[in-house]
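K.L.:
File name start.tsv; file contents TSV, C-alpha atoms; full text below.
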chain	number	residue	atom	x	y	z
A	72	MET	CA	-17.13	20.45	13.48
A	73	ARG	CA	-14.79	22.19	11.04
A	74	THR	CA	-15.90	23.06	7.55
A	75	PRO	CA	-15.16	20.57	4.76
A	76	LYS	CA	-12.41	22.73	3.24
A	77	ARG	CA	-10.58	23.11	6.55
A	78	MET	CA	-10.99	19.40	7.14
A	79	LEU	CA	-9.44	18.65	3.75
A	80	ALA	CA	-6.42	20.75	4.61
A	81	GLY	CA	-6.15	18.88	7.91
A	82	VAL	CA	-6.32	15.47	6.31
A	83	LEU	CA	-3.80	16.33	3.60
A	84	VAL	CA	-1.42	17.47	6.32
A	85	LEU	CA	-2.09	14.27	8.27
A	86	LEU	CA	-1.10	12.31	5.18
A	87	VAL	CA	2.41	13.75	5.25
A	88	VAL	CA	3.40	13.89	8.91
A	89	GLY	CA	3.52	10.19	9.72
A	90	LEU	CA	7.03	9.50	8.47
A	91	GLY	CA	8.98	9.24	11.70
A	92	VAL	CA	11.22	12.14	10.55
A	93	PRO	CA	10.55	15.88	10.39
A	94	LEU	CA	8.63	16.82	7.26
A	95	GLU	CA	11.32	19.34	6.30
A	96	ARG	CA	13.91	16.56	6.14
A	97	ALA	CA	11.63	14.40	4.00
A	98	LEU	CA	11.07	17.25	1.56
A	99	ASP	CA	14.76	18.19	1.33
A	100	ALA	CA	16.13	14.65	1.09
A	101	GLN	CA	16.11	14.30	-2.72
A	102	PRO	CA	16.02	17.64	-4.54
A	103	ALA	CA	15.92	16.03	-8.01
A	104	GLY	CA	12.76	13.96	-7.52
A	105	LEU	CA	9.14	15.02	-7.71
A	106	ILE	CA	8.26	12.61	-4.87
A	107	ARG	CA	10.02	13.07	-1.54
A	108	ALA	CA	8.33	10.44	0.63
A	109	VAL	CA	5.86	7.57	0.72
A	110	SER	CA	3.70	8.74	3.59
A	111	ALA	CA	1.07	6.04	4.04
A	112	VAL	CA	-0.65	3.13	2.34
A	113	GLY	CA	-4.44	3.20	2.49
A	114	MET	CA	-7.38	0.99	1.69
A	115	THR	CA	-11.16	1.29	1.59
A	116	VAL	CA	-12.92	-0.71	4.30
A	117	GLY	CA	-16.52	-1.76	4.83
A	118	ASN	CA	-16.80	-1.35	8.60
A	119	MET	CA	-14.37	0.95	10.40
A	120	GLU	CA	-14.94	-0.42	13.88
A	121	ARG	CA	-14.24	-3.96	12.69
A	122	SER	CA	-11.14	-2.92	10.74
A	123	THR	CA	-9.56	-0.80	13.47
A	124	ALA	CA	-10.16	-3.59	15.97
A	125	PHE	CA	-8.43	-6.05	13.63
A	126	TYR	CA	-5.38	-3.90	12.93
A	127	SER	CA	-4.94	-2.88	16.58
A	128	SER	CA	-5.62	-6.19	18.33
A	129	VAL	CA	-4.17	-8.61	15.76
A	130	LEU	CA	-1.31	-6.60	14.24
A	131	GLU	CA	-0.55	-4.07	17.02
A	132	PHE	CA	-1.22	-0.88	15.04
A	133	GLU	CA	-2.03	2.23	17.08
A	134	LYS	CA	-4.70	4.76	16.11
A	135	VAL	CA	-3.30	8.22	15.33
A	136	SER	CA	-6.35	10.12	14.07
A	137	ASP	CA	-10.02	9.63	13.25
A	138	VAL	CA	-11.91	12.21	11.14
A	139	GLU	CA	-14.98	12.49	8.91
A	140	VAL	CA	-14.81	14.53	5.69
A	141	TRP	CA	-17.17	15.46	2.87
A	142	GLY	CA	-17.80	18.16	0.28
A	143	GLU	CA	-16.99	19.11	-3.30
A	144	ASP	CA	-13.22	19.22	-2.80
A	145	TYR	CA	-13.20	15.59	-1.71
A	146	GLU	CA	-15.55	14.60	-4.52
A	147	ARG	CA	-13.10	16.08	-7.01
A	148	LEU	CA	-10.10	14.49	-5.28
A	149	GLN	CA	-11.57	10.98	-5.11
A	150	GLY	CA	-13.80	11.08	-8.18
A	151	VAL	CA	-16.86	9.99	-6.16
A	152	PHE	CA	-19.97	12.19	-6.06
A	153	GLY	CA	-21.91	12.68	-2.83
A	154	LEU	CA	-19.26	11.11	-0.62
A	155	ARG	CA	-18.85	11.25	3.12
A	156	MET	CA	-15.74	9.46	4.37
A	157	ARG	CA	-14.43	8.42	7.75
A	158	VAL	CA	-10.63	8.27	7.62
A	159	VAL	CA	-8.58	6.60	10.35
A	160	ARG	CA	-4.80	6.74	10.38
A	161	MET	CA	-2.95	3.98	12.24
A	162	ARG	CA	0.76	3.60	12.89
A	163	LEU	CA	3.06	0.61	13.28
A	164	GLY	CA	6.62	1.60	14.11
A	165	ASP	CA	7.66	4.40	11.75
A	166	GLU	CA	5.03	3.59	9.09
A	167	ALA	CA	1.33	4.26	8.75
A	168	ILE	CA	-1.82	3.00	7.06
A	169	GLU	CA	-5.01	4.93	6.36
A	170	LEU	CA	-8.36	3.18	6.48
A	171	THR	CA	-11.26	4.89	4.68
A	172	GLU	CA	-14.90	3.96	5.15
A	173	TYR	CA	-17.33	5.53	2.69
A	174	LEU	CA	-20.40	6.26	4.76
A	175	THR	CA	-21.97	7.29	1.46
A	176	PRO	CA	-22.00	6.05	-1.25
A	177	ARG	CA	-21.10	2.46	-0.46
A	178	GLY	CA	-18.90	0.69	-2.99
A	179	ARG	CA	-18.58	-2.91	-4.13
A	180	PRO	CA	-16.93	-5.72	-2.15
A	181	ILE	CA	-13.66	-7.33	-3.22
A	182	PRO	CA	-14.45	-10.05	-5.81
A	183	VAL	CA	-14.66	-13.40	-4.04
A	184	ASP	CA	-12.54	-15.03	-6.75
A	185	SER	CA	-9.66	-12.54	-6.48
A	186	ARG	CA	-6.24	-14.07	-7.10
A	187	SER	CA	-2.73	-12.91	-6.22
A	188	HIS	CA	-1.89	-12.29	-9.89
A	189	ASP	CA	-4.97	-10.21	-10.70
A	190	ARG	CA	-3.79	-6.67	-11.35
A	191	TRP	CA	-5.92	-5.06	-8.67
A	192	PHE	CA	-3.80	-6.99	-6.14
A	193	GLN	CA	-1.98	-4.85	-3.59
A	194	HIS	CA	-0.73	-5.62	-0.12
A	195	ILE	CA	1.48	-4.29	2.65
A	196	ALA	CA	4.43	-6.32	3.92
A	197	ILE	CA	4.58	-6.20	7.73
A	198	ILE	CA	7.95	-7.09	9.22
A	199	VAL	CA	7.95	-9.46	12.19
A	200	SER	CA	10.72	-10.23	14.66
A	201	ASP	CA	9.81	-13.93	14.88
A	202	MET	CA	7.90	-15.68	12.09
A	203	ASP	CA	6.84	-18.71	14.12
A	204	ARG	CA	5.42	-16.57	16.94
A	205	ALA	CA	3.73	-14.21	14.48
A	206	TYR	CA	2.09	-17.05	12.57
A	207	ALA	CA	0.94	-18.66	15.84
A	208	SER	CA	-0.59	-15.32	16.86
A	209	LEU	CA	-2.43	-15.02	13.54
A	210	ARG	CA	-3.71	-18.58	13.94
A	211	GLN	CA	-4.92	-17.74	17.43
A	212	HIS	CA	-6.90	-14.83	15.97
A	213	ARG	CA	-8.22	-17.11	13.20
A	214	VAL	CA	-7.18	-14.95	10.30
A	215	GLU	CA	-8.08	-16.09	6.81
A	216	HIS	CA	-5.15	-17.80	5.09
A	217	ALA	CA	-4.03	-16.84	1.59
A	218	SER	CA	-0.86	-18.97	1.76
A	219	PRO	CA	-1.20	-22.49	3.20
A	220	ALA	CA	1.63	-21.77	5.68
A	221	PRO	CA	4.73	-19.55	6.04
A	222	GLN	CA	7.24	-20.19	3.26
A	223	ARG	CA	11.03	-20.00	3.35
A	224	LEU	CA	12.43	-18.81	0.04
A	225	PRO	CA	15.23	-21.08	-1.24
A	226	ASP	CA	18.94	-20.35	-0.82
A	227	TRP	CA	19.63	-20.61	-4.58
A	228	ASN	CA	17.88	-17.25	-4.93
A	229	ALA	CA	20.68	-14.91	-3.85
A	230	ASN	CA	18.42	-11.89	-3.39
A	231	ALA	CA	15.59	-13.64	-1.52
A	232	GLY	CA	17.08	-16.81	-0.03
A	233	GLY	CA	16.23	-17.34	3.62
A	234	ILE	CA	13.40	-14.80	3.71
A	235	ARG	CA	10.25	-16.18	5.32
A	236	ALA	CA	6.82	-14.90	4.33
A	237	PHE	CA	3.11	-15.61	4.72
A	238	TYR	CA	0.02	-14.15	3.00
A	239	PHE	CA	-3.31	-13.71	4.80
A	240	LYS	CA	-6.36	-11.44	4.65
A	241	ASP	CA	-8.04	-8.79	6.76
A	242	PRO	CA	-11.81	-8.87	7.49
A	243	ASP	CA	-12.65	-7.23	4.13
A	244	GLY	CA	-10.43	-9.61	2.17
A	245	HIS	CA	-7.49	-7.23	1.64
A	246	PRO	CA	-4.33	-9.31	1.22
A	247	LEU	CA	-1.57	-8.76	3.78
A	248	GLU	CA	1.88	-10.25	4.25
A	249	ILE	CA	4.09	-10.88	7.24
A	250	LEU	CA	7.77	-11.00	6.38
A	251	TRP	CA	10.94	-11.99	8.25
A	252	PHE	CA	14.44	-11.10	7.05
A	253	PRO	CA	17.52	-13.20	7.86
A	254	GLY	CA	20.79	-11.45	8.69
A	255	GLY	CA	22.19	-9.51	5.76
A	256	LYS	CA	18.83	-8.91	4.10
A	257	GLY	CA	16.35	-6.10	4.51
A	258	ASP	CA	16.81	-2.67	6.08
A	259	LEU	CA	19.12	-2.53	9.08
A	260	LYS	CA	16.29	-1.21	11.25
A	261	TRP	CA	14.47	-4.54	11.00
A	262	HIS	CA	17.41	-6.21	12.80
A	263	ARG	CA	17.55	-3.91	15.81
A	264	PRO	CA	16.69	-5.62	19.11
A	265	SER	CA	13.00	-5.18	19.91
A	266	ASP	CA	10.44	-6.66	22.27
A	267	ARG	CA	7.73	-6.10	19.65
A	268	LEU	CA	6.45	-8.89	17.42
A	269	PHE	CA	5.12	-6.70	14.58
A	270	LEU	CA	7.70	-4.03	13.73
A	271	GLY	CA	6.54	-1.91	10.79
A	272	ILE	CA	5.81	-1.86	7.06
A	273	ASP	CA	8.69	-2.56	4.67
A	274	HIS	CA	6.82	-2.02	1.41
A	275	THR	CA	3.56	-2.19	-0.46
A	276	ALA	CA	3.46	-4.68	-3.35
A	277	ILE	CA	1.41	-4.26	-6.54
A	278	VAL	CA	0.86	-6.57	-9.50
A	279	VAL	CA	1.96	-4.97	-12.77
A	280	SER	CA	1.51	-6.18	-16.33
A	281	ASP	CA	4.77	-4.76	-17.67
A	282	THR	CA	7.70	-3.71	-15.47
A	283	ALA	CA	9.19	-1.37	-18.08
A	284	GLN	CA	5.89	0.47	-18.46
A	285	SER	CA	5.49	0.84	-14.70
A	286	LEU	CA	9.07	2.09	-14.35
A	287	ARG	CA	8.26	4.91	-16.78
A	288	CYS	CA	5.59	6.05	-14.32
A	289	TYR	CA	7.23	5.47	-10.93
A	290	ARG	CA	10.92	5.96	-11.77
A	291	ASP	CA	11.07	8.18	-14.83
A	292	THR	CA	8.10	10.45	-14.05
A	293	LEU	CA	7.80	10.42	-10.25
A	294	GLY	CA	11.48	9.91	-9.44
A	295	LEU	CA	11.46	6.84	-7.19
A	296	ARG	CA	14.75	4.90	-7.16
A	297	VAL	CA	15.12	1.22	-8.08
A	298	VAL	CA	16.80	-0.46	-5.09
A	299	GLY	CA	16.34	-4.17	-5.78
A	300	GLU	CA	15.44	-6.76	-8.41
A	301	SER	CA	14.95	-10.52	-8.41
A	302	GLU	CA	13.22	-13.31	-10.29
A	303	ASN	CA	11.36	-15.69	-7.97
A	304	TYR	CA	9.88	-19.08	-8.82
A	305	GLY	CA	9.60	-22.60	-7.47
A	306	PRO	CA	7.22	-24.41	-5.11
A	307	GLU	CA	7.82	-22.04	-2.20
A	308	GLN	CA	6.89	-18.98	-4.27
A	309	GLU	CA	3.89	-20.78	-5.75
A	310	ARG	CA	2.55	-21.60	-2.29
A	311	LEU	CA	3.29	-18.15	-0.90
A	312	ASN	CA	1.21	-16.49	-3.63
A	313	ASN	CA	-1.10	-19.51	-3.96
A	314	VAL	CA	-0.65	-19.36	-7.74
A	315	PHE	CA	0.38	-22.59	-9.49
A	316	GLY	CA	3.34	-22.09	-11.81
A	317	ALA	CA	4.09	-18.60	-10.47
A	318	ARG	CA	7.26	-17.04	-11.82
A	319	LEU	CA	7.66	-13.40	-10.86
A	320	ARG	CA	9.90	-10.54	-11.83
A	321	ILE	CA	10.16	-8.41	-8.69
A	322	THR	CA	11.39	-4.80	-8.71
A	323	THR	CA	11.57	-2.63	-5.58
A	324	LEU	CA	11.58	1.17	-5.66
A	325	ARG	CA	11.87	3.71	-2.87
A	326	ALA	CA	11.47	7.40	-2.19
A	327	PRO	CA	13.95	9.04	0.22
A	328	THR	CA	11.72	8.08	3.17
A	329	GLY	CA	8.82	5.75	3.87
A	330	PRO	CA	8.00	2.20	2.77
A	331	GLY	CA	9.00	0.93	-0.67
A	332	VAL	CA	6.84	0.12	-3.68
A	333	GLU	CA	7.37	-3.38	-5.06
A	334	PHE	CA	6.34	-4.44	-8.58
A	335	LEU	CA	5.19	-8.04	-9.01
A	336	GLU	CA	5.17	-8.92	-12.70
A	337	TYR	CA	3.92	-12.46	-13.29
A	338	LEU	CA	5.95	-13.92	-16.13
A	339	THR	CA	3.77	-17.00	-15.66
A	340	PRO	CA	0.84	-17.38	-15.51
A	341	ARG	CA	-0.22	-14.43	-17.67
A	342	ASP	CA	-3.98	-14.65	-17.13
A	343	GLY	CA	-4.25	-12.11	-14.31
A	344	ARG	CA	-7.29	-9.90	-14.79
A	345	PRO	CA	-7.05	-6.10	-15.23
A	346	VAL	CA	-8.54	-3.54	-12.88
A	347	PRO	CA	-12.20	-3.04	-13.92
A	348	THR	CA	-12.69	0.07	-16.03
A	349	ASP	CA	-15.47	1.22	-13.68
A	350	ALA	CA	-13.41	0.82	-10.48
A	351	ARG	CA	-13.95	3.64	-7.99
A	352	ALA	CA	-12.31	4.77	-4.77
A	353	ASN	CA	-15.25	3.60	-2.63
A	354	ASP	CA	-14.88	-0.03	-3.83
A	355	LEU	CA	-13.27	-2.24	-1.17
A	356	ALA	CA	-10.63	-3.40	-3.67
A	357	HIS	CA	-9.32	0.19	-3.75
A	358	TRP	CA	-5.87	0.83	-2.30
A	359	GLN	CA	-4.26	4.25	-2.27
A	360	THR	CA	-0.54	4.93	-1.76
A	361	THR	CA	0.13	8.47	-0.53
A	362	LEU	CA	3.16	10.28	-1.93
A	363	VAL	CA	4.55	13.61	-0.70
A	364	SER	CA	5.71	16.25	-3.20
A	365	GLN	CA	6.88	19.83	-2.95
A	366	ASP	CA	4.94	20.69	-6.11
A	367	ALA	CA	1.66	18.90	-6.86
A	368	GLY	CA	1.23	21.07	-9.94
A	369	ALA	CA	4.54	19.86	-11.37
A	370	VAL	CA	3.45	16.27	-10.72
A	371	ALA	CA	0.16	16.90	-12.54
A	372	GLN	CA	2.03	18.41	-15.50
A	373	ALA	CA	4.46	15.48	-15.65
A	374	ILE	CA	1.62	12.96	-15.38
A	375	ARG	CA	-0.20	14.39	-18.39
A	376	SER	CA	2.68	13.39	-20.67
A	377	SER	CA	3.51	10.05	-19.02
A	378	SER	CA	2.22	6.50	-18.72
A	379	CYS	CA	0.43	7.46	-15.49
A	380	ALA	CA	-3.09	8.92	-15.64
A	381	MET	CA	-4.92	11.61	-13.70
A	382	LEU	CA	-7.87	10.28	-11.71
A	383	SER	CA	-8.95	13.52	-10.09
A	384	SER	CA	-9.90	16.22	-12.57
A	385	ASP	CA	-7.01	18.45	-11.50
A	386	VAL	CA	-4.95	19.49	-8.49
A	387	VAL	CA	-7.33	20.23	-5.61
A	388	ALA	CA	-6.18	23.34	-3.76
A	389	PRO	CA	-8.78	24.25	-1.11
A	390	THR	CA	-6.34	26.45	0.85
A	391	ASP	CA	-2.86	27.83	0.41
A	392	ARG	CA	-1.58	25.26	2.91
A	393	ALA	CA	-2.39	21.98	1.15
A	394	LYS	CA	-2.85	20.63	-2.35
A	395	GLY	CA	-3.48	17.17	-3.69
A	396	LEU	CA	-4.40	15.02	-6.64
A	397	LEU	CA	-5.25	11.38	-7.28
A	398	ILE	CA	-3.57	9.52	-10.14
A	399	ARG	CA	-3.54	5.96	-11.46
A	400	ASP	CA	-0.51	4.04	-12.62
A	401	PRO	CA	-0.56	2.11	-15.93
A	402	ASP	CA	-2.34	-0.85	-14.27
A	403	GLY	CA	-4.90	1.22	-12.39
A	404	HIS	CA	-3.33	1.36	-8.90
A	405	ALA	CA	-4.23	4.63	-7.16
A	406	LEU	CA	-1.64	7.11	-5.92
A	407	ALA	CA	-2.56	10.19	-3.87
A	408	VAL	CA	-0.02	13.00	-4.26
A	409	VAL	CA	-0.08	15.64	-1.53
A	410	GLN	CA	1.74	18.94	-1.18
A	411	PRO	CA	1.74	20.58	2.26
Go ahead and render the structure in this file as C-alpha cells.

P.N.:
Amino acid sequence: MRTPKRMLAGVLVLLVVGLGVPLERALDAQPAGLIRAVSAVGMTVGNMERSTAFYSSVLEFEKVSDVEVWGEDYERLQGVFGLRMRVVRMRLGDEAIELTEYLTPRGRPIPVDSRSHDRWFQHIAIIVSDMDRAYASLRQHRVEHASPAPQRLPDWNANAGGIRAFYFKDPDGHPLEILWFPGGKGDLKWHRPSDRLFLGIDHTAIVVSDTAQSLRCYRDTLGLRVVGESENYGPEQERLNNVFGARLRITTLRAPTGPGVEFLEYLTPRDGRPVPTDARANDLAHWQTTLVSQDAGAVAQAIRSSSCAMLSSDVVAPTDRAKGLLIRDPDGHALAVVQP
C-alpha cells in the first residue's frame, strides 16, 4: 500500500477529475474566480458497504474509486486526530459523490430529531427522467420518506412552477431529493433523451441563516455566480420540506462547472437550530462540498478576511502536486478546497 502522503496526493487528485470535462478546461473556464469547479459532494457514512449498496442499487450510482487513507496530513486537513478513513467516490452521469467512513475514530449519528430547517441540513438534488417511475422505484426499495409524497410546485411561482420534487433519506439519515424539471426549466442537459431513470446531480442545497452573509462567502470571496432566485411557500413547499409554515428564500450559485450550491433561507419558521459548536468531520451529519481552485493559498488568504472560516489549520501541501484545505461557511457547512 502507498504511503499516507502519496495517498493524500492521489485522493486530492481524485477529487478534481470527476467533472465530465478535462481538468484544464475547468481551471481555465473563469479566470477571475478563485473557484473553478464544484467537483463532488461528500458525506460521512457509518457503514460503507451498506451505503455503496444503497447508492448503486437504489439510485444507480457507479463506483469510481475506493481507497483508505490515514496520517498527519489527513488529521490536519480534517481536524480529526488519529483518523483512518475509507473514501469511496461514486458517479451518476457527469457528477460525483464521495462517501467517507471513519474507521477510527467513530463520530456521532445524525440527531434523530433533525428537521429540514436546522442549519446542518444539506442534501443533493438528483434529477430523474420520470418522477412517477422514480418514486415507485424508491417505494419498492422501501426508502425512508422525508416528504409524504412527491410535490408539484404551483404555477403561480414563475421560477419554480411545474417542478416536481420529493425528499427522502439514505440508510444513515442523510436527506436526499429527487427532482424533475418541466420543459423550459433546469439545465438543457436534463431534457436530453435518455433511457436512464436517475440522470445526475443538479445541485447541493444547504440551509443558511442569512442569505446576504452567505453570499459574502460564496460569491464575494470564492467567486461563485448567482444564477437563480425565488421565494417559495404554500402547502406544496411545506409538505416537500415537511416544515409547517415554511417560507423560503432560495438562491442558486454555480462555478463554471459542476453542480450548483443552493441556499435555503427559512423566512419562516426561524427556529432552525445551528450546527453544534463541537461538530467534527467524522460525525454522520457532516457533509463536505469539494471545490477546485488554481491557488489554495490565495483561497486561504481570502478566507482569513471573510465571513468564511478556516477549519484545517492551514493549507496542507504534502507534495508539489496537490494542496488542500477545509473551510466552513458562516453557518458551519464544510467546504474542501483542492488545488491539483

K.L.:
Out of A:Thr361, A:Ser185, A:Ser122, A:Ser208, which residue has the shortest atom-to-atom distance to Val408 (chain A) when counting all atoms listed in the file?

P.N.:
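Of A:Thr361, A:Ser185, A:Ser122, A:Ser208, the one nearest Val408 (chain A), counting all atoms listed in the file, is A:Thr361.
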
K.L.:
Closest to Ser127 (chain A) among A:Ile168, A:Gln359, A:Arg213, A:Ile249, using all atoms listed in the file?

P.N.:
A:Ile168

K.L.:
Counting all atoms listed in the file, which residues of region 322-380 of chain A sit at most 9 Å from some atom of region 139-162 of chain A, and what is each one's closest atom pair with its distance in Å to one decimal, listed by chain and rising residue number, as a Markdown table?

P.N.:
| residue | atom | partner | partner_atom | distance |
| --- | --- | --- | --- | --- |
| A:Arg351 | CA | A:Val151 | CA | 7.2 |
| A:Ala352 | CA | A:Gln149 | CA | 6.3 |
| A:Asn353 | CA | A:Val151 | CA | 7.5 |

K.L.:
Pick out the closest residue to Pro264 (chain A) from this set: A:Thr115, A:Tyr206, A:Thr123, A:Val199. Count all atoms listed in the file.

P.N.:
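Going through A:Thr115, A:Tyr206, A:Thr123, A:Val199 one by one, the smallest distance to Pro264 (chain A) is for A:Val199.
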
K.L.:
Using all atoms of region 395-403 of chain A listed in the file and a margin of 8 Å per side, can you give the axis-aligned box centre and edge lengths in Å to one decimal, as AutoDock Vina command-line options?

P.N.:
--center_x -2.9 --center_y 8.2 --center_z -9.8 --size_x 20.7 --size_y 34.0 --size_z 28.2

K.L.:
Find the residues around Ile181 (chain A) up to 7 Å (only C-alpha atoms counted), leave out those fewer than 2 positions away in its own chain, and share them as a count of residues only.

P.N.:
5

K.L.:
List the neighbours of Asp189 (chain A) out to 9 Å using all atoms listed in the file; skip same-chain residues closer than 6 positions along the sequence, and give me the result as JSON, numbers by chain.

P.N.:
{"A": [278, 279, 342, 343, 344, 345, 346]}

K.L.:
Separation of CA of Ile234 (chain A) and CA of His188 (chain A), in Å?

P.N.:
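For CA of Ile234 (chain A) relative to CA of His188 (chain A), the distance reads 20.6 Å.
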
K.L.:
For the point (8.0, -12.4, 11.4) in the file's frame, write as number ranges by chain all residues with an atom no more than 9 Å away, counting only C-alpha atoms.

P.N.:
A: 197-206, 235-237, 249-252, 268-270

K.L.:
Please provide as a list in words all residues within 12 Å of Ala369 (chain A), with the sequence filter that same-chain residues fewer than 6 positions apart are discarded (counting all atoms listed in the file).

P.N.:
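Residues near the query, excluding close chain neighbours: Gly104, Leu105, Ile106, Thr292, Leu293, Arg375, Ser376, Asp385, Val386, Lys394, Gly395, Leu396, Val408, Val409 and Gln410 of chain A.
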
K.L.:
With only C-alpha atoms as the basis for distance, which of A:Glu309, A:Glu166, A:Glu133, A:Glu172 is at the shortest distance from Glu120 (chain A)?

P.N.:
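Selected residue with least distance to Glu120 (chain A): A:Glu172.
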
K.L.:
Given all atoms listed in the file as the basis, pick out the residue of A:Asp243, A:Ala167, A:Arg190, A:Ser378 nearest to Arg399 (chain A).

P.N.:
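For Arg399 (chain A), the nearest of the candidates is A:Ser378.
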
K.L.:
Go through A:Asp291, A:Thr171, A:Asp137, A:Arg310 one by one, measure the shortest atom-to-atom distance of each to Pro221 (chain A) using all atoms listed in the file, and give the residue with the smallest value.

P.N.:
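Ranked by minimum distance to Pro221 (chain A), first place goes to A:Arg310.
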